[in-house]
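Written out below as structure tokens is the structure these notes cover.
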Amino acid sequence: MAFSPGAPILKSGDLVNWEFVGHSVPRLEFNNTDAYSLDDGKQAYVKGIFASSMRYRASTGRYHWIGCVEYKHTFVYSAADPAEDWELLKYTDTCYYDCGLLFDDDDDIYVAYGNTNISVAQLNNDWSEKSVTSVYNGTFYIEANREWTLKSSSGPFGPYEIKVFADEVSPPTLGAGFPHQGGIVDTPNGDWYYMAFIDHYPEGRVPGLSPFHFDADGWPTLQSNQTFNQSHPYPSKPVPVPPKTSIDRFRGNKFGPEWEWNHNPDVSAYSLSNRGVTLRTVSVTPDLFRAKNTLTHRILGPSSTATIHLDISKMRSGDRAGLAHFRDNMARIAIQDGQVQLWHNLSLGAGWNTISTGFVEASASLPHGAKDV
């Protein structure tokens with residue numbers, strides 16, 4: 001997607017309670033800088049990072065992220081601590097689409113990728129693709145789209161057998177999509193869990209967790225292939241995380257990891273201090289979809305309320321500031337010229353270009369001389 005920084009990282013000690021800790025991609029620099037920075041009339045909505053993969057490599061003591069961008073290029077980033085700074089290691093014109101990364105017991109690097117056609121590549125330590133001549137032992141698994149399991153007892157290059165793992169399993173909530181595009185986790189106690197995501201309006205893609213086991217023939221098998229709507233014990237002793245609802249006063253020298261910009265920000269046009277965050281006008285435009293330095297936070301489901309405190313004393317005639325439910329069809333509450341305004345029908349159309357900048361549905365005057373709202 002076009003949010004910057006990209007590829008958010010969450011951390012959990014029990015697979016149930018999660019917290020944001022960082023981002024694998026510090027800035028969207030994907031050979032199309034103008035689009036990812038809302039420059040020169042360009043935009044990158046529904047581009048950027050899709051399904052990607054992150055793994056820890058014990059031999060280097062580092063975490064590695066790999067992902068394909070715009071079906072054309074693959075980028076590899078690395079960090080010693082996933083909550084700290086990440087650096088670009090490799091860029092290649094090969095697209096490892098919807099990829100899964102593996103460091104095997106011999107510390108060799110593999111990536112499985114594709115959608116309806118699944119491929120496997122072995123990579124060198126410099127992340128270039130390797131010519132393969134080796135012979136392998138052991139069993140390799142790939143979880144494919146719509147959650148079919150591919151299993152090979154002859155090494156990572158197959159041949160593979162195929163069997164349904166979680167095909168169109170009923171979701172745990174009414175109106176949601178099927179669990180799919182998941183990952184596999186094993187715990188220190190030897191238990192196995194399937195972490196999927198579920199399309200659920202309006203929150204977006206929400207996680208779903210289910211235990212599974214390997215049957216007598218070595219196939220991963222869910223407790224129920226009919227429904228995800230089941231209760232299970234915690235995978236381990238619960239590990240609390242900071243509450244999702246709290247006050248952020250933006251004090252310090254950087255934003256918390258739960259915040260992202262819509263496209264790359266102009267770093268000269270905002271600042272953080274003990275008074276909070278100051279946003280300065282970057283784009284002179286009536287179109288919120290094209291306005292630089294729009295700060296975003298993912299919504300909390302199934303419903304939530306947000307309250308903001310604005311110092312509007314430095315706003316000039318025509319300036320707008322406020323809060324939006326930011327998506328392809330959205331509404332916003334804006335402060336402009338002494339009024340608080342409710343805007344509707346801000347919309348993107350073909351090519352994710354703006355087809356409507358919206359209209360004021362309702363408004364009310366602020367008290368004369370108001371400086372804080």
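All residue names refer to the structure tokens as shown: chains lettered A, B, ... in order, residues numbered from 1 in each chain, ligands numbered from 1 in order.
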
Find the residues around Thr33 of chain A up to 12 Å (only C-alpha atoms counted), leave out those fewer than 6 positions away in its own chain, and share them as a ChimeraX atom specification. /A:2,27,39-44,48,263-265

Which one of A:Leu222, A:Leu102, A:Ile355, A:Ala166 sits closest to Tyr193 of chain A if you count only C-alpha atoms? A:Leu222

As a PyMOL selection string, please: every residue in segment 133-352 of chain A that DSSP puts in strand (DSSP E or B). chain A and resi 140-144+148-152+161-164+170+180-186+192-200+204-214+220-222+227+259-262+270-273+276-279+295-297+311+321-324+329-336+339-348

For segment 81-84 of chain A, work out the shell of residues within 12 Å, counting only C-alpha atoms and skipping chain neighbours fewer than 4 positions away, then give it as a PyMOL selection string. chain A and resi 7-11+19-26+54-57+60-65+77+254+256-258

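Each of A:Asp85, A:Glu260, A:Asp98, A:Asp248 was compared to Ser4 of chain A using only C-alpha atoms, and A:Glu260 turns out to be the nearest.
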
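Between Leu38 of chain A and the residues A:Ala80, A:Phe3, A:Phe140, A:Phe212, the shortest atom-to-atom distance, using only C-alpha atoms, involves A:Phe3.
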
Excluding same-chain residues fewer than 5 positions from Phe359 of chain A, what lies within 12 Å of it counting only C-alpha atoms, as a PyMOL selection string? chain A and resi 286-287+330-334+341-347

Suppose we keep C-alpha atoms; can you now write the selection as a CSV table (one decimal), in the first residue's frame?
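Dumped to selection.csv:
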```csv
chain,number,residue,atom,x,y,z
A,286,PRO,CA,-8.8,21.1,-2.6
A,287,ASP,CA,-8.2,17.4,-2.9
A,330,MET,CA,-14.7,8.8,2.8
A,331,ALA,CA,-16.1,11.6,4.9
A,332,ARG,CA,-14.2,14.1,7.1
A,333,ILE,CA,-14.7,16.8,9.7
A,334,ALA,CA,-12.7,19.9,8.9
A,341,GLN,CA,-17.6,21.4,8.5
A,342,LEU,CA,-18.9,17.9,7.8
A,343,TRP,CA,-17.7,16.8,4.3
A,344,HIS,CA,-19.1,13.8,2.4
A,345,ASN,CA,-18.4,12.0,-0.8
A,346,LEU,CA,-14.7,12.3,-1.2
A,347,SER,CA,-14.1,9.5,-3.7
```

Closest of A:His180, A:His232, A:His368, A:Lys163 to Asp199 of chain A, counting only C-alpha atoms, is A:His180

What's the separation between atom CA of Arg320 of chain A and atom CA of Asp337 of chain A, in Å to one decimal place? 8.1 Å

Quick one: residues within 8 Å of Asn274 of chain A, only C-alpha atoms counted, chain neighbours fewer than 2 positions away excluded, as a PyMOL selection string? chain A and resi 250-252+272+276

Nearest residue to Ala35 of chain A out of A:Lys47, A:Asp319, A:Ile109, A:Ser283, using only C-alpha atoms? A:Lys47

Selection near Val373 of chain A, 12 Å with only C-alpha atoms, sequence-local residues under 4 positions removed, as a ChimeraX atom specification: /A:307-313,321-322,334-336,338-340,365-367,369

For the residues in the current selection, export N, CA, C and O atoms as a PDB file, in the first residue's frame.
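part.pdb, freshly written:
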```
ATOM      1  N   THR A 307     -10.750  11.296  19.225  1.00  0.00           N
ATOM      2  CA  THR A 307     -10.846  12.696  19.623  1.00  0.00           C
ATOM      3  C   THR A 307      -9.491  13.356  19.402  1.00  0.00           C
ATOM      4  O   THR A 307      -8.465  12.806  19.798  1.00  0.00           O
ATOM      5  N   ILE A 308      -9.491  14.506  18.757  1.00  0.00           N
ATOM      6  CA  ILE A 308      -8.237  15.226  18.533  1.00  0.00           C
ATOM      7  C   ILE A 308      -8.342  16.636  19.118  1.00  0.00           C
ATOM      8  O   ILE A 308      -9.438  17.203  19.236  1.00  0.00           O
ATOM      9  N   HIS A 309      -7.201  17.179  19.490  1.00  0.00           N
ATOM     10  CA  HIS A 309      -7.100  18.538  19.999  1.00  0.00           C
ATOM     11  C   HIS A 309      -6.247  19.329  19.029  1.00  0.00           C
ATOM     12  O   HIS A 309      -5.086  18.989  18.804  1.00  0.00           O
ATOM     13  N   LEU A 310      -6.823  20.377  18.439  1.00  0.00           N
ATOM     14  CA  LEU A 310      -6.129  21.180  17.435  1.00  0.00           C
ATOM     15  C   LEU A 310      -5.897  22.594  17.934  1.00  0.00           C
ATOM     16  O   LEU A 310      -6.805  23.235  18.473  1.00  0.00           O
ATOM     17  N   ASP A 311      -4.673  23.064  17.728  1.00  0.00           N
ATOM     18  CA  ASP A 311      -4.358  24.489  17.888  1.00  0.00           C
ATOM     19  C   ASP A 311      -4.491  25.108  16.501  1.00  0.00           C
ATOM     20  O   ASP A 311      -3.694  24.836  15.611  1.00  0.00           O
ATOM     21  N   ILE A 312      -5.527  25.939  16.310  1.00  0.00           N
ATOM     22  CA  ILE A 312      -5.803  26.502  14.985  1.00  0.00           C
ATOM     23  C   ILE A 312      -5.395  27.976  14.884  1.00  0.00           C
ATOM     24  O   ILE A 312      -5.761  28.666  13.924  1.00  0.00           O
ATOM     25  N   SER A 313      -4.607  28.423  15.856  1.00  0.00           N
ATOM     26  CA  SER A 313      -4.299  29.858  15.916  1.00  0.00           C
ATOM     27  C   SER A 313      -3.455  30.331  14.734  1.00  0.00           C
ATOM     28  O   SER A 313      -3.473  31.516  14.393  1.00  0.00           O
ATOM     29  N   ALA A 321      -7.983  21.803   8.208  1.00  0.00           N
ATOM     30  CA  ALA A 321      -7.365  20.796   9.067  1.00  0.00           C
ATOM     31  C   ALA A 321      -8.481  20.026   9.746  1.00  0.00           C
ATOM     32  O   ALA A 321      -9.556  20.572  10.015  1.00  0.00           O
ATOM     33  N   GLY A 322      -8.251  18.745  10.012  1.00  0.00           N
ATOM     34  CA  GLY A 322      -9.297  17.990  10.676  1.00  0.00           C
ATOM     35  C   GLY A 322      -9.023  16.511  10.709  1.00  0.00           C
ATOM     36  O   GLY A 322      -7.873  16.064  10.735  1.00  0.00           O
ATOM     37  N   ALA A 334     -13.783  18.977   9.133  1.00  0.00           N
ATOM     38  CA  ALA A 334     -12.702  19.925   8.866  1.00  0.00           C
ATOM     39  C   ALA A 334     -12.975  21.272   9.535  1.00  0.00           C
ATOM     40  O   ALA A 334     -14.130  21.684   9.683  1.00  0.00           O
ATOM     41  N   ILE A 335     -11.883  21.905   9.920  1.00  0.00           N
ATOM     42  CA  ILE A 335     -11.932  23.292  10.388  1.00  0.00           C
ATOM     43  C   ILE A 335     -11.467  24.179   9.236  1.00  0.00           C
ATOM     44  O   ILE A 335     -10.408  23.950   8.655  1.00  0.00           O
ATOM     45  N   GLN A 336     -12.280  25.176   8.880  1.00  0.00           N
ATOM     46  CA  GLN A 336     -11.906  26.102   7.814  1.00  0.00           C
ATOM     47  C   GLN A 336     -12.613  27.432   8.017  1.00  0.00           C
ATOM     48  O   GLN A 336     -13.839  27.477   8.188  1.00  0.00           O
ATOM     49  N   GLY A 338     -13.105  29.628  10.349  1.00  0.00           N
ATOM     50  CA  GLY A 338     -13.994  29.869  11.487  1.00  0.00           C
ATOM     51  C   GLY A 338     -15.178  28.935  11.570  1.00  0.00           C
ATOM     52  O   GLY A 338     -16.096  29.183  12.364  1.00  0.00           O
ATOM     53  N   GLN A 339     -15.199  27.878  10.780  1.00  0.00           N
ATOM     54  CA  GLN A 339     -16.290  26.909  10.811  1.00  0.00           C
ATOM     55  C   GLN A 339     -15.762  25.499  11.047  1.00  0.00           C
ATOM     56  O   GLN A 339     -14.627  25.175  10.688  1.00  0.00           O
ATOM     57  N   VAL A 340     -16.615  24.655  11.634  1.00  0.00           N
ATOM     58  CA  VAL A 340     -16.381  23.218  11.640  1.00  0.00           C
ATOM     59  C   VAL A 340     -17.348  22.624  10.618  1.00  0.00           C
ATOM     60  O   VAL A 340     -18.550  22.916  10.632  1.00  0.00           O
ATOM     61  N   SER A 365     -20.584  27.499  13.055  1.00  0.00           N
ATOM     62  CA  SER A 365     -19.547  28.499  13.334  1.00  0.00           C
ATOM     63  C   SER A 365     -18.866  28.212  14.659  1.00  0.00           C
ATOM     64  O   SER A 365     -19.503  27.805  15.653  1.00  0.00           O
ATOM     65  N   LEU A 366     -17.556  28.407  14.687  1.00  0.00           N
ATOM     66  CA  LEU A 366     -16.812  28.327  15.921  1.00  0.00           C
ATOM     67  C   LEU A 366     -16.970  29.619  16.708  1.00  0.00           C
ATOM     68  O   LEU A 366     -17.276  30.673  16.127  1.00  0.00           O
ATOM     69  N   PRO A 367     -16.767  29.573  18.031  1.00  0.00           N
ATOM     70  CA  PRO A 367     -16.798  30.827  18.796  1.00  0.00           C
ATOM     71  C   PRO A 367     -15.774  31.821  18.234  1.00  0.00           C
ATOM     72  O   PRO A 367     -14.694  31.430  17.814  1.00  0.00           O
ATOM     73  N   GLY A 369     -12.852  34.092  17.590  1.00  0.00           N
ATOM     74  CA  GLY A 369     -11.501  34.121  18.143  1.00  0.00           C
ATOM     75  C   GLY A 369     -11.029  32.785  18.699  1.00  0.00           C
ATOM     76  O   GLY A 369      -9.981  32.749  19.369  1.00  0.00           O
TER      77      GLY A 369
END
```

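Between atom CA of Asn124 of chain A and atom CA of Asp108 of chain A the interatomic distance comes to 7.9 Å.
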